[in-house]
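Chemist: What follows is protein.cif, made up of mmCIF, C-alpha atoms and all ligand atoms:
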data_entry
loop_
_atom_site.label_atom_id
_atom_site.label_comp_id
_atom_site.auth_asym_id
_atom_site.auth_seq_id
_atom_site.Cartn_x
_atom_site.Cartn_y
_atom_site.Cartn_z
CA MET F 61 0.00 0.00 0.00
CA ASP F 62 1.27 3.40 -1.00
CA ARG F 63 2.12 5.25 2.21
CA GLN F 64 1.29 8.56 0.62
CA VAL F 65 -2.26 7.45 -0.01
CA LEU F 66 -2.71 6.55 3.63
CA GLU F 67 -1.06 9.71 4.85
CA ARG F 68 -3.29 11.87 2.69
CA ALA F 69 -6.38 10.10 4.04
CA GLU F 70 -5.15 10.36 7.63
CA GLU F 71 -4.50 14.07 7.28
CA HIS F 72 -7.93 14.57 5.80
CA PHE F 73 -9.53 12.64 8.65
CA ALA F 74 -7.49 14.48 11.29
CA ARG F 75 -8.66 17.82 9.91
CA LEU F 76 -12.30 16.73 10.03
CA LEU F 77 -11.93 15.51 13.60
CA GLN F 78 -10.39 18.82 14.59
CA GLU F 79 -13.28 20.77 13.05
CA GLN F 80 -15.88 18.61 14.75
CA LEU F 81 -14.18 18.84 18.15
CA GLU F 82 -14.15 22.63 17.76
CA ARG F 83 -17.83 22.59 16.85
CA ILE F 84 -18.54 20.68 20.06
CA GLU F 85 -16.74 23.38 22.06
CA ARG F 86 -18.90 26.04 20.39
CA MET F 87 -22.05 24.09 21.23
CA LYS F 88 -20.97 23.91 24.85
CA GLU F 89 -20.91 27.71 25.00
CA ASP F 90 -24.72 27.63 24.63
CA GLU F 91 -25.82 31.22 24.27
CA GLY F 92 -29.51 30.71 25.20
CA TRP F 93 -32.60 31.56 23.14
CA VAL F 94 -33.42 35.04 21.78
CA ASP F 95 -36.29 36.70 23.63
CA TYR F 96 -38.23 38.36 20.80
CA GLU F 97 -40.35 40.38 23.19
CA LYS F 98 -37.23 42.36 24.04
CA VAL F 99 -35.91 42.71 20.48
CA LYS F 100 -36.67 45.87 18.49
CA PRO F 101 -36.66 45.79 15.58
CA ILE F 102 -37.08 42.14 14.75
CA VAL F 103 -35.35 41.91 11.35
CA ILE F 104 -37.04 39.53 8.92
CA GLY F 105 -34.71 38.73 6.03
CA VAL F 106 -36.26 37.64 2.76
CA CYS F 107 -34.23 35.61 0.22
CA TRP F 108 -36.15 35.00 -2.96
CA GLY F 109 -34.10 32.04 -4.19
CA ASP F 110 -34.33 30.70 -7.75
CA GLY F 111 -36.97 29.61 -10.22
CA ILE F 112 -40.45 30.06 -8.77
CA GLY F 113 -38.86 31.30 -5.50
CA PRO F 114 -39.34 35.04 -6.15
CA TYR F 115 -42.94 34.47 -7.24
CA ILE F 116 -44.06 32.49 -4.22
CA CYS F 117 -41.96 34.41 -1.66
CA GLN F 118 -43.47 37.67 -2.79
CA GLN F 119 -46.90 36.30 -1.93
CA ALA F 120 -45.73 35.12 1.49
CA GLN F 121 -44.23 38.54 2.13
CA ARG F 122 -47.53 40.25 1.18
CA VAL F 123 -49.38 38.06 3.68
CA LEU F 124 -46.82 38.76 6.40
CA GLU F 125 -46.97 42.50 5.74
CA PHE F 126 -50.74 42.34 5.98
CA LEU F 127 -50.66 40.49 9.32
CA LEU F 128 -47.85 42.59 10.81
CA ARG F 129 -49.19 46.03 9.83
CA PRO F 130 -49.13 47.44 13.39
CA GLU F 131 -45.61 46.16 14.05
CA LEU F 132 -44.31 47.47 10.72
CA ALA F 133 -45.84 50.85 11.52
CA SER F 134 -44.35 50.96 15.03
CA GLY F 135 -40.93 49.74 13.89
CA LYS F 136 -41.12 46.56 15.98
CA VAL F 137 -40.62 44.55 12.79
CA VAL F 138 -38.68 45.41 9.62
CA PHE F 139 -38.12 43.48 6.41
CA LYS F 140 -34.71 43.21 4.79
CA ILE F 141 -34.57 41.96 1.23
CA ILE F 142 -31.40 40.00 0.63
CA GLU F 143 -30.40 39.69 -3.01
CA GLY F 144 -27.78 37.32 -4.24
CA LEU F 145 -28.91 33.90 -3.05
CA THR F 146 -29.47 32.90 -6.67
CA ILE F 147 -27.77 30.08 -8.50
CA GLU F 148 -26.17 32.58 -10.93
CA ASN F 149 -24.57 34.61 -8.15
CA ARG F 150 -23.62 31.55 -6.13
CA ALA F 151 -22.00 30.00 -9.21
CA LYS F 152 -20.18 33.28 -9.92
CA HIS F 153 -18.60 33.21 -6.45
CA ASN F 154 -18.31 29.41 -6.52
CA LYS F 155 -19.80 29.33 -3.03
CA ALA F 156 -22.96 27.82 -1.56
CA ILE F 157 -23.57 31.19 0.13
CA PRO F 158 -21.43 34.12 -1.08
CA ASP F 159 -19.69 35.96 1.79
CA ASP F 160 -21.62 39.22 1.43
CA VAL F 161 -24.92 37.32 1.43
CA LEU F 162 -23.92 35.47 4.60
CA ALA F 163 -22.94 38.76 6.24
CA GLN F 164 -26.41 40.15 5.43
CA LEU F 165 -28.14 37.01 6.71
CA LYS F 166 -26.33 37.47 10.00
CA GLN F 167 -27.86 40.94 10.36
CA CYS F 168 -31.31 39.36 10.54
CA HIS F 169 -33.10 37.49 13.30
CA VAL F 170 -35.24 35.29 11.13
CA ILE F 171 -35.19 34.53 7.43
CA LEU F 172 -37.87 33.61 4.94
CA LYS F 173 -36.26 31.66 2.15
CA GLY F 174 -37.45 30.58 -1.25
CA PRO F 175 -36.19 27.38 -2.87
CA THR F 176 -32.61 27.49 -4.15
CA THR F 177 -31.14 25.29 -6.86
CA THR F 178 -28.68 22.61 -5.80
CA PRO F 179 -26.45 21.71 -8.77
CA ARG F 180 -26.16 18.09 -9.76
CA ARG F 181 -23.52 16.41 -11.84
CA GLY F 182 -24.12 17.35 -15.48
CA ASP F 183 -25.71 20.74 -14.69
CA PRO F 184 -24.10 23.82 -16.23
CA TRP F 185 -23.19 25.05 -12.73
CA PRO F 186 -20.14 24.28 -10.62
CA ASN F 187 -20.90 21.50 -8.15
CA ILE F 188 -21.48 23.83 -5.17
CA GLU F 189 -23.13 22.68 -1.97
CA SER F 190 -26.84 23.15 -1.31
CA ALA F 191 -27.57 26.66 0.02
CA ASN F 192 -30.00 25.15 2.56
CA VAL F 193 -27.44 22.81 3.98
CA ALA F 194 -24.78 25.55 4.09
CA MET F 195 -27.16 28.00 5.79
CA ARG F 196 -28.25 25.46 8.37
CA ARG F 197 -24.62 24.89 9.25
CA ALA F 198 -23.44 28.53 9.06
CA LEU F 199 -26.27 29.77 11.30
CA ASP F 200 -26.32 26.64 13.48
CA LEU F 201 -29.99 25.95 12.74
CA PHE F 202 -30.01 22.63 14.52
CA ALA F 203 -33.71 21.82 14.51
CA ASN F 204 -35.66 21.21 11.36
CA VAL F 205 -39.26 21.30 12.52
CA ARG F 206 -41.81 19.97 10.07
CA PRO F 207 -45.48 19.60 10.87
CA VAL F 208 -47.69 17.30 8.83
CA LYS F 209 -51.45 17.17 9.33
CA VAL F 210 -54.24 15.30 7.63
CA PRO F 211 -57.17 16.00 9.96
CA GLN F 212 -59.60 13.82 7.99
CA GLN F 213 -57.35 10.83 8.64
CA GLY F 214 -56.41 11.64 12.22
CA ILE F 215 -52.81 12.43 11.26
CA ASP F 216 -51.19 15.10 13.42
CA TRP F 217 -47.42 14.78 13.34
CA MET F 218 -44.55 17.02 14.34
CA PHE F 219 -41.11 16.00 13.12
CA PHE F 220 -37.94 17.23 14.80
CA ARG F 221 -35.21 16.46 12.32
CA GLU F 222 -31.64 17.01 13.52
CA ASN F 223 -30.30 19.53 11.04
CA THR F 224 -26.60 20.09 11.56
CA GLU F 225 -25.01 16.66 12.01
CA GLY F 226 -25.45 13.09 10.81
CA ALA F 227 -24.72 12.28 7.19
CA TYR F 228 -25.01 15.96 6.20
CA VAL F 229 -22.37 17.79 8.20
CA LEU F 230 -19.51 16.18 6.28
CA GLY F 231 -21.59 15.41 3.21
CA SER F 232 -19.23 17.45 1.03
CA SER F 233 -16.10 16.31 2.89
CA GLY F 234 -15.93 12.66 2.00
CA ILE F 235 -12.76 11.28 0.50
CA ASN F 236 -11.82 9.16 -2.48
CA VAL F 237 -8.97 7.34 -0.79
CA THR F 238 -8.07 5.61 -4.06
CA ASP F 239 -9.92 5.36 -7.37
CA ASP F 240 -11.76 2.39 -5.90
CA LEU F 241 -12.42 3.46 -2.33
CA ALA F 242 -14.85 6.25 -1.47
CA ILE F 243 -15.55 7.07 2.16
CA ASP F 244 -18.17 9.39 3.60
CA PHE F 245 -18.59 10.22 7.25
CA THR F 246 -21.54 10.52 9.59
CA VAL F 247 -21.27 12.45 12.82
CA THR F 248 -23.27 12.33 16.06
CA THR F 249 -22.35 14.35 19.12
CA SER F 250 -23.79 14.25 22.62
CA GLN F 251 -24.46 18.00 22.56
CA GLY F 252 -26.02 17.96 19.10
CA SER F 253 -28.28 15.04 19.97
CA GLU F 254 -29.30 16.41 23.32
CA ARG F 255 -30.42 19.81 22.05
CA ILE F 256 -32.72 18.41 19.36
CA ILE F 257 -34.13 15.63 21.55
CA ARG F 258 -34.78 18.08 24.36
CA LEU F 259 -36.59 20.41 21.96
CA ALA F 260 -38.87 17.54 20.90
CA PHE F 261 -39.65 16.53 24.49
CA ASP F 262 -40.21 20.18 25.48
CA TYR F 263 -42.62 20.60 22.60
CA ALA F 264 -44.54 17.47 23.64
CA LYS F 265 -44.70 18.56 27.26
CA ARG F 266 -45.73 22.15 26.46
CA ASN F 267 -48.50 20.97 24.17
CA GLY F 268 -49.78 18.20 26.43
CA ILE F 269 -48.75 15.49 23.95
CA ASN F 270 -47.91 12.29 25.74
CA LYS F 271 -45.85 10.63 23.05
CA VAL F 272 -42.38 11.07 21.57
CA THR F 273 -40.96 8.58 19.08
CA VAL F 274 -37.21 8.37 18.55
CA VAL F 275 -36.23 6.99 15.14
CA THR F 276 -32.77 5.56 14.37
CA LYS F 277 -31.11 2.57 12.79
CA ALA F 278 -29.14 1.84 15.94
CA ASN F 279 -29.29 -1.92 15.34
CA VAL F 280 -26.88 -1.45 12.41
CA ILE F 281 -25.32 2.01 12.66
CA LYS F 282 -24.30 1.15 16.16
CA THR F 283 -21.91 3.92 17.17
CA SER F 284 -23.47 7.15 15.93
CA ASP F 285 -27.16 6.15 15.91
CA GLY F 286 -26.43 4.25 19.11
CA LYS F 287 -25.34 7.50 20.70
CA PHE F 288 -28.46 9.33 19.51
CA LEU F 289 -30.61 6.66 21.15
CA ASP F 290 -28.54 6.65 24.35
CA VAL F 291 -28.90 10.41 24.66
CA ALA F 292 -32.66 10.03 24.12
CA ARG F 293 -32.81 7.55 27.02
CA GLN F 294 -31.08 10.08 29.26
CA VAL F 295 -33.16 13.08 28.19
CA ALA F 296 -36.41 11.11 28.55
CA LYS F 297 -35.72 10.73 32.27
CA ASP F 298 -36.25 14.48 32.65
CA TYR F 299 -39.76 14.15 31.19
CA PRO F 300 -41.48 11.46 33.24
CA GLU F 301 -44.87 12.76 32.09
CA VAL F 302 -44.08 12.09 28.43
CA GLU F 303 -44.12 8.49 27.21
CA TRP F 304 -41.60 7.61 24.55
CA ASP F 305 -40.64 4.73 22.34
CA ASP F 306 -38.01 4.01 19.73
CA TRP F 307 -38.35 2.66 16.22
CA TYR F 308 -35.98 1.78 13.44
CA ILE F 309 -36.25 3.90 10.33
CA ASP F 310 -37.17 1.04 7.99
CA ILE F 311 -40.22 -0.15 9.91
CA MET F 312 -41.12 3.44 10.77
CA THR F 313 -41.26 4.23 7.05
CA ALA F 314 -43.61 1.29 6.61
CA LYS F 315 -45.82 2.26 9.56
CA LEU F 316 -46.41 5.77 8.23
CA VAL F 317 -48.47 4.22 5.46
CA ASP F 318 -50.35 1.90 7.82
CA PRO F 319 -53.65 3.70 8.52
CA LYS F 320 -54.19 1.74 11.75
CA ARG F 321 -50.82 2.53 13.30
CA ARG F 322 -49.82 5.91 11.98
CA THR F 323 -52.32 7.97 13.95
CA GLN F 324 -50.57 6.89 17.17
CA PHE F 325 -47.42 8.80 16.28
CA ARG F 326 -47.33 12.44 17.35
CA VAL F 327 -43.86 13.87 17.91
CA MET F 328 -40.91 12.27 16.15
CA VAL F 329 -37.24 13.07 16.63
CA LEU F 330 -34.59 11.68 14.33
CA PRO F 331 -31.13 12.14 12.81
CA ASN F 332 -30.70 14.29 9.73
CA LEU F 333 -30.90 11.88 6.79
CA TYR F 334 -33.75 9.79 8.19
CA GLY F 335 -35.59 13.03 8.90
CA ASP F 336 -35.04 14.19 5.35
CA ILE F 337 -36.55 11.04 3.90
CA LEU F 338 -39.36 10.47 6.38
CA THR F 339 -40.64 14.05 6.14
CA ASP F 340 -40.97 13.80 2.36
CA GLU F 341 -42.99 10.62 2.79
CA ALA F 342 -45.13 12.30 5.42
CA ALA F 343 -45.64 15.43 3.31
CA GLU F 344 -46.78 13.26 0.43
CA LEU F 345 -49.59 11.90 2.61
CA GLN F 346 -50.66 15.48 3.28
CA GLY F 347 -50.89 16.31 -0.42
CA GLY F 348 -47.30 16.60 -1.60
CA VAL F 349 -44.11 18.38 -0.63
CA GLY F 350 -45.61 21.56 -2.11
CA THR F 351 -48.00 21.74 0.83
CA ALA F 352 -45.42 21.47 3.59
CA GLY F 353 -43.51 24.21 5.35
CA SER F 354 -40.36 23.83 7.32
CA ALA F 355 -38.72 25.73 10.16
CA ASN F 356 -34.97 25.61 10.68
CA ILE F 357 -34.42 26.76 14.20
CA GLY F 358 -31.33 27.65 16.15
CA LYS F 359 -30.88 29.62 19.32
CA ARG F 360 -29.74 32.83 17.65
CA TYR F 361 -31.21 32.57 14.13
CA ALA F 362 -34.10 30.79 12.46
CA MET F 363 -34.94 30.24 8.82
CA PHE F 364 -38.31 29.29 7.35
CA GLU F 365 -38.70 27.71 3.94
CA ALA F 366 -40.78 25.66 1.59
CA ILE F 367 -39.57 22.08 1.40
CA HIS F 368 -39.90 21.76 -2.36
CA GLY F 369 -37.47 22.75 -5.12
CA SER F 370 -37.27 25.77 -7.41
CA ALA F 371 -39.23 24.23 -10.32
CA PRO F 372 -37.24 25.91 -13.13
CA ARG F 373 -39.46 24.22 -15.70
CA MET F 374 -42.46 26.25 -14.50
CA VAL F 375 -40.52 29.44 -15.19
CA GLU F 376 -39.33 28.22 -18.62
CA GLU F 377 -42.89 27.37 -19.57
CA GLY F 378 -44.19 30.75 -18.37
CA ARG F 379 -46.20 29.26 -15.51
CA ALA F 380 -44.38 30.83 -12.53
CA ASP F 381 -47.33 33.11 -11.69
CA TYR F 382 -49.39 29.96 -11.20
CA ALA F 383 -46.99 28.35 -8.71
CA ASP F 384 -48.57 27.46 -5.38
CA PRO F 385 -47.29 29.73 -2.59
CA SER F 386 -48.93 27.64 0.20
CA SER F 387 -45.79 25.95 1.43
CA VAL F 388 -43.81 29.14 1.90
CA ILE F 389 -46.87 30.86 3.43
CA ARG F 390 -47.11 27.93 5.83
CA ALA F 391 -43.44 28.54 6.64
CA ALA F 392 -44.36 32.20 7.26
CA ALA F 393 -47.00 31.05 9.77
CA MET F 394 -44.31 29.09 11.59
CA MET F 395 -42.18 32.22 11.61
CA LEU F 396 -44.99 34.22 13.23
CA ASN F 397 -45.22 31.56 15.94
CA HIS F 398 -41.49 31.65 16.49
CA ILE F 399 -41.14 35.42 16.88
CA GLY F 400 -43.95 35.78 19.39
CA PHE F 401 -47.08 36.28 17.27
CA ALA F 402 -48.52 32.83 17.86
CA ASP F 403 -52.11 34.10 17.69
CA ARG F 404 -51.62 35.39 14.17
CA GLY F 405 -49.60 32.33 13.18
CA LYS F 406 -52.52 30.17 14.27
CA ARG F 407 -55.01 32.30 12.32
CA LEU F 408 -52.86 32.02 9.22
CA GLU F 409 -52.73 28.24 9.60
CA MET F 410 -56.52 28.14 9.92
CA ALA F 411 -56.92 30.34 6.83
CA LEU F 412 -54.56 28.07 4.89
CA GLU F 413 -56.64 25.04 5.82
CA ILE F 414 -59.92 26.77 4.99
CA CYS F 415 -58.73 28.08 1.61
CA GLY F 416 -56.47 25.21 0.62
CA ALA F 417 -58.32 22.17 1.94
CA PHE F 418 -61.92 22.85 2.99
CA GLU F 419 -63.50 25.67 1.00
CA LYS F 420 -61.28 25.75 -2.07
CA LYS F 421 -63.05 28.68 -3.72
CA LEU F 422 -59.85 29.06 -5.71
CA VAL F 423 -57.49 26.23 -6.49
CA VAL F 424 -53.87 26.68 -7.52
CA THR F 425 -52.91 23.88 -9.90
CA GLY F 426 -49.60 25.19 -11.20
CA ARG F 427 -51.20 25.78 -14.60
CA PRO F 428 -53.21 28.62 -16.17
CA SER F 429 -56.34 26.50 -15.69
CA GLY F 430 -55.97 27.20 -11.96
CA ALA F 431 -55.64 30.37 -9.91
CA LYS F 432 -52.52 32.52 -9.74
CA GLY F 433 -50.44 32.56 -6.57
CA ALA F 434 -51.36 36.23 -6.09
CA GLU F 435 -55.08 35.41 -6.34
CA PHE F 436 -54.68 32.70 -3.73
CA ALA F 437 -52.87 35.15 -1.43
CA ASP F 438 -55.77 37.62 -1.90
CA TYR F 439 -58.21 34.87 -0.99
CA LEU F 440 -56.18 34.11 2.14
CA MET F 441 -56.09 37.76 3.22
CA GLU F 442 -59.81 38.14 2.65
CA THR F 443 -60.36 35.03 4.79
CA LEU F 444 -58.04 36.40 7.48
CA GLN F 445 -60.28 39.45 7.79
CA ASP F 446 -63.29 37.34 8.71
CA PRO F 447 -63.99 37.97 12.43
CA GLU F 448 -65.64 34.52 12.50
CA LEU F 449 -62.55 32.81 11.08
CA GLU F 450 -62.13 30.43 13.99
CA LYS F 451 -65.80 29.39 13.93
CA ARG F 452 -65.58 28.86 10.20
CA TRP F 453 -62.52 26.65 10.70
CA GLN F 454 -64.18 24.75 13.57
CA SER F 455 -67.14 23.94 11.36
CA TYR F 456 -64.86 21.82 9.18
CA GLN F 457 -63.30 19.83 12.00
C1 LIG F 501 -34.79 19.32 2.44
C2 LIG F 501 -34.10 19.16 1.12
C3 LIG F 501 -32.61 19.41 1.29
C4 LIG F 501 -32.11 18.39 2.29
C5 LIG F 501 -31.85 19.35 -0.03
C6 LIG F 501 -32.33 20.40 -1.00
C7 LIG F 501 -30.36 19.47 0.16
O1 LIG F 501 -34.35 17.90 0.59
O2 LIG F 501 -34.82 20.44 2.96
O3 LIG F 501 -35.33 18.35 2.95
O4 LIG F 501 -31.74 17.28 1.91
O5 LIG F 501 -32.10 18.70 3.47
MG MG F 502 -35.64 16.70 1.76
#
Output the file's structure as structure tokens, nothing else.
Modeler:
Amino acid sequence: MDRQVLERAEEHFARLLQEQLERIERMKEDEGWVDYEKVKPIVIGVCWGDGIGPYICQQAQRVLEFLLRPELASGKVVFKIIEGLTIENRAKHNKAIPDDVLAQLKQCHVILKGPTTTPRRGDPWPNIESANVAMRRALDLFANVRPVKVPQQGIDWMFFRENTEGAYVLGSSGINVTDDLAIDFTVTTSQGSERIIRLAFDYAKRNGINKVTVVTKANVIKTSDGKFLDVARQVAKDYPEVEWDDWYIDIMTAKLVDPKRRTQFRVMVLPNLYGDILTDEAAELQGGVGTAGSANIGKRYAMFEAIHGSAPRMVEEGRADYADPSSVIRAAAMMLNHIGFADRGKRLEMALEICGAFEKKLVVTGRPSGAKGAEFADYLMETLQDPELEKRWQSYQ
């Protein structure tokens, strides 16, 4: 065996270990959560993204501006439009997030983000990392919180996907040791596991939900998934009022399509890659990834996004005005909850269900046969003005 080959691999591995050990030290510094009641102004950054991103984000921003009128007038809330998170600009700088864009993101408290293109092999772009993944890491957005609800079927799930570790954190740092040997790495830390698992248990406790399910593949991925599960065992002891169980990802994936079993799940907490996959499956049951919103939450920053892609084909075919803004508006509702306007976040969620699922006076189909995104946003805002909104929503339950 060529010594140089081994030395190169060892150096690579040593550097990764160093970085991860430093990350652990930063996590230990734990700065505590932002108290938005005390922050003025709360800066909401808006990144349009690519493809249909600008079209759907604009609608979400209109709805937010409508709901936050008093706070915009008093200066409690301001919007900051951040240009430059487009595939063209990212490719130009050959960076997942160009430095000046990252600097602007760091001037915000929370960010509303449209879908951004992740280049694949064969695309005309350099093979830069996903902007989502880079942003989650750069802003330490450790919790990917994804609700999925299908009230008619008794489905009411909240996923807490670990967002900064697992197979993702070194996803672009694998190594081709030789032409024949490719190695990737997966990372689990005690601190990283504890903070996401605690968030899931806290959520269950705060909302009177007596059930947390921890999902791993600890029977095979024994060291890193084993740690995640061990940490869960420890954390669970602090929540005697919350029952918990653990499942392996394969059978969990099966049980989500079992109508008899799936309604028993409520809060799920899981490592990054399993969370990625399981939340797409779950969103599909709700009506597709286009209907789901996603919150990426850290202690200092939070970012809210649609979980679907940028649909460049819709733009090429001139259909971008007909793209469905529901998912990013749902993300906006999660943002309202996060920054202390839970009442309005709840109203927006009710309006989304009324307009998108129950009443459907306008339906966005993605084609000119359906409504435009702007028309759907108008319909939502009209619905939000109804003083009987809650009663109207109740009548469908
Ligand atoms: C998601 C997406 C991203 C992920 C992609 C775009 C990198 O699928 O937000 O779930 O894998 O996390
Ligand atoms: Mg995904």
Chemist: Within 8 Å of ligand MG 502 (chain F), counting all atoms listed in the file: which residues, as a list in words?
Modeler: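 Based on all atoms listed in the file, ligand MG 502 (chain F) is surrounded within 8 Å by Asp336, Ile337, Thr339, Asp340, Ile367 and His368 of chain F.
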Chemist: Please write out the residues within 10 Å of ligand LIG 501 (chain F) as a PyMOL selection string, counting all atoms listed in the file.
Modeler: chain F and resi 175-179+189-194+196+204+206+221+223-224+228+332-340+349+353-356+365-370
Chemist: Could you check how far CA of Glu91 in chain F sits from CA of Leu77 in chain F, in Å to one decimal?
Modeler: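 Atom-to-atom, CA of Glu91 in chain F and CA of Leu77 in chain F are spaced 23.5 Å apart.
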Chemist: Pick the closest to Gly174 in chain F from F:Asp110, F:Glu125, F:Asp290, F:Asp285: which is it, counting all atoms listed in the file?
Modeler: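 Under the stated criterion, the closest residue is F:Asp110.
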Chemist: To one decimal place in Å, what is the distance between CA of Met395 in chain F and CA of Arg427 in chain F?
Modeler: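 Going from CA of Met395 in chain F over to CA of Arg427 in chain F covers 28.5 Å.
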Chemist: Rounded to one decimal place, report the CA of Lys173 in chain F-CA of Gly109 in chain F distance in Å.
Modeler: 6.7 Å
Chemist: Ranking F:Phe401, F:Ile235, F:Asn187, F:Lys277 by minimum distance to Lys155 in chain F and counting only C-alpha atoms, which one comes first?
Modeler: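 Comparing F:Phe401, F:Ile235, F:Asn187, F:Lys277 against Lys155 in chain F, the winner is F:Asn187.
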Chemist: Counting all atoms listed in the file, which of F:Ala371, F:Pro211, F:Glu435, F:Met328 gets nearest to Ala417 in chain F?
Modeler: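 Answer, going by the shortest atom-to-atom distance: F:Pro211.
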Chemist: Using all atoms listed in the file, which of F:Val274, F:Leu396, F:Leu127, F:Ile256 sits nearest Met441 in chain F?
Modeler: F:Leu127
